[in-house]
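The structure appears below as structure tokens.
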Amino acid sequence: QVHLVESGGGSVQSGGSLRLACAASGYNGNRGCMGWFRQAPEAPGKERERVAMIESAKTITYADSVKARFTISQDSATNTMYLQMDNLKPEDTAMYYCAAADYSWSSTRGSRCRDYNYWGQGTQVTVSA
């Protein structure tokens with residue numbers, strides 16, 4: 001059973017930094033796909049925004065809005081994913097969720113990820129001007 005637990009959220013002023021962590025159990029991050037999503041308070045009915053994704057512990061993508069400010073990483077030894085957030089802006093204020101995707105893997109073709117079906121409980125990030 002996949003279990004994801006986020007930590008590290010909080011309140012900072014604009015320009016500050018925070019580091020989020022996602023401890024995963026029951027999931028092989030080296031073969032699967034994991035990522036960070038967020039949902040702003042003024043958009044409760046909208047789809048969660050993809051922030052940063054890491055596939056098979058090596059392919060990384062970022063939303064344009066966070067490029068050069070956020071860094072996603074993964075510690076295979078502890079099965080923990082991180083999101084280092086620097087130069088935070090008020091528009092980064094949101095609930096941040098860690099997620100993992102269903103995947104299949106073979107030694108010949110590697111990993112193929114599907115829907116993000118596993119979610120953490122979320123951690124709040126608030127950035128004041």
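Each chain in the structure tokens gets a letter, A, B, ..., in the order shown, and its residues are numbered from 1; ligands are numbered from 1 in order too.
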
(message) Can you tell me which residues surround Arg112 of chain A at a distance of at most 8 Å, considering only C-alpha atoms, apart from same-chain residues fewer than 5 positions away, and format the answer as a ChimeraX atom specification?
(response) /A:32,103-105

(message) If you run DSSP on the backbone here, which positions in segment 15-98 of chain A get strand (DSSP E)? Please write them as a ChimeraX atom specification.
(response) /A:18-25,33-39,49-55,59-62,70-75,80-85,94-98

(request) Check the smallest atom-to-atom distance from each of A:Ser17, A:Thr71, A:Thr61, A:Gln1 to Val125 of chain A using only C-alpha atoms, then report the winner. (result) A:Ser17

(message) I need the residue nearest Ala129 of chain A from this list: A:Gly110, A:Gly10, A:Pro90, A:Gly35. Use only C-alpha atoms for the distance.
(response)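 Closest candidate: A:Pro90.
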
(message) Can you pull out the residues contacting Glu47 of chain A? Cut-off 10 Å, using only C-alpha atoms, and skip same-chain residues under 5 positions away; I want them as JSON, numbers by chain.
(response) {"A": [37, 38, 39, 40]}

Restricted to all heavy atoms, what would the selected residues look like written as a short mmCIF file (atom, residue, chain, number, x, y, z; two decimals), in the first residue's frame?
data_model
loop_
_atom_site.label_atom_id
_atom_site.label_comp_id
_atom_site.auth_asym_id
_atom_site.auth_seq_id
_atom_site.Cartn_x
_atom_site.Cartn_y
_atom_site.Cartn_z
N PHE A 37 2.29 18.86 -6.66
CA PHE A 37 1.17 19.61 -7.21
C PHE A 37 0.78 20.67 -6.19
O PHE A 37 1.13 20.58 -5.01
CB PHE A 37 -0.04 18.69 -7.45
CG PHE A 37 0.15 17.67 -8.54
CD1 PHE A 37 1.00 16.58 -8.36
CD2 PHE A 37 -0.53 17.77 -9.74
CE1 PHE A 37 1.17 15.62 -9.36
CE2 PHE A 37 -0.39 16.82 -10.73
CZ PHE A 37 0.47 15.75 -10.54
N ARG A 38 0.04 21.65 -6.64
CA ARG A 38 -0.46 22.64 -5.69
C ARG A 38 -1.83 23.12 -6.09
O ARG A 38 -2.20 23.07 -7.26
CB ARG A 38 0.50 23.83 -5.57
CG ARG A 38 0.60 24.70 -6.81
CD ARG A 38 1.68 25.77 -6.61
NE ARG A 38 1.82 26.63 -7.78
CZ ARG A 38 2.76 27.55 -7.91
NH1 ARG A 38 3.66 27.76 -6.93
NH2 ARG A 38 2.82 28.30 -8.99
N GLN A 39 -2.56 23.57 -5.08
CA GLN A 39 -3.89 24.13 -5.32
C GLN A 39 -4.01 25.42 -4.53
O GLN A 39 -3.91 25.43 -3.30
CB GLN A 39 -4.98 23.15 -4.89
CG GLN A 39 -6.36 23.62 -5.28
CD GLN A 39 -7.29 22.46 -5.55
OE1 GLN A 39 -7.23 21.43 -4.89
NE2 GLN A 39 -8.16 22.62 -6.53
N ALA A 40 -4.23 26.51 -5.26
CA ALA A 40 -4.34 27.82 -4.64
C ALA A 40 -5.67 27.95 -3.91
O ALA A 40 -6.67 27.36 -4.33
CB ALA A 40 -4.21 28.91 -5.70
#

(request) Point out the residue among A:Ser76, A:Thr123, A:Glu6, A:Tyr27 with the least atom-to-atom distance to Lys58 of chain A, counting only C-alpha atoms. (result)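 Between A:Ser76, A:Thr123, A:Glu6, A:Tyr27, the residue approaching Lys58 of chain A most closely is A:Ser76.
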
(request) Would you work out the distance separating atom CA of Glu42 of chain A from atom CA of Gln124 of chain A, expressed in Å to one decimal? (result)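 Interatomic distance, atom CA of Glu42 of chain A to atom CA of Gln124 of chain A: 13.7 Å.
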
Counting only C-alpha atoms, which residues of segment 52-129 of chain A fall within 12 Å of segment 2-5 of chain A, and what is the closest atom pair for each with its distance in Å at one decimal, ordered by chain and rising number, as a tab-separated table?
residue	atom	partner	partner_atom	distance
A:Asn79	CA	A:Leu4	CA	10.2
A:Thr80	CA	A:Leu4	CA	9.3
A:Met81	CA	A:Leu4	CA	9.9
A:Tyr82	CA	A:Val5	CA	11.5
A:Tyr96	CA	A:Val5	CA	11.4
A:Tyr97	CA	A:Val5	CA	9.2
A:Cys98	CA	A:Leu4	CA	7.0
A:Ala99	CA	A:Leu4	CA	7.4
A:Ala100	CA	A:Leu4	CA	8.3
A:Ala101	CA	A:Val2	CA	10.1
A:Asp102	CA	A:Val2	CA	10.1
A:Tyr116	CA	A:Val2	CA	11.7
A:Asn117	CA	A:Val2	CA	9.7
A:Tyr118	CA	A:Val2	CA	6.8
A:Trp119	CA	A:Leu4	CA	6.3
A:Gly120	CA	A:Leu4	CA	4.7
A:Gln121	CA	A:Val5	CA	6.7
A:Gly122	CA	A:Val5	CA	8.0
A:Thr123	CA	A:Val5	CA	9.2

(message) Taking only C-alpha atoms into account, name the residue in A:Thr59, A:Thr78, A:Thr108, A:Thr93 that is nearest to Ser14 of chain A.
(response) A:Thr93

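From atom CA of Arg109 of chain A back to atom CA of Gly26 of chain A, the distance works out to 22.4 Å.
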
(message) Considering only C-alpha atoms, can you say which of A:Ser128, A:Ser25, A:Ser56, A:Gln74 comes closest to Ala94 of chain A?
(response)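 Going through A:Ser128, A:Ser25, A:Ser56, A:Gln74 one by one, the smallest distance to Ala94 of chain A is for A:Ser128.
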
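Nearest-residue note for Val66 of chain A: choosing from A:Thr126, A:Asn87, A:Ser107, A:Ser7, the minimum distance belongs to A:Asn87, counting only C-alpha atoms.
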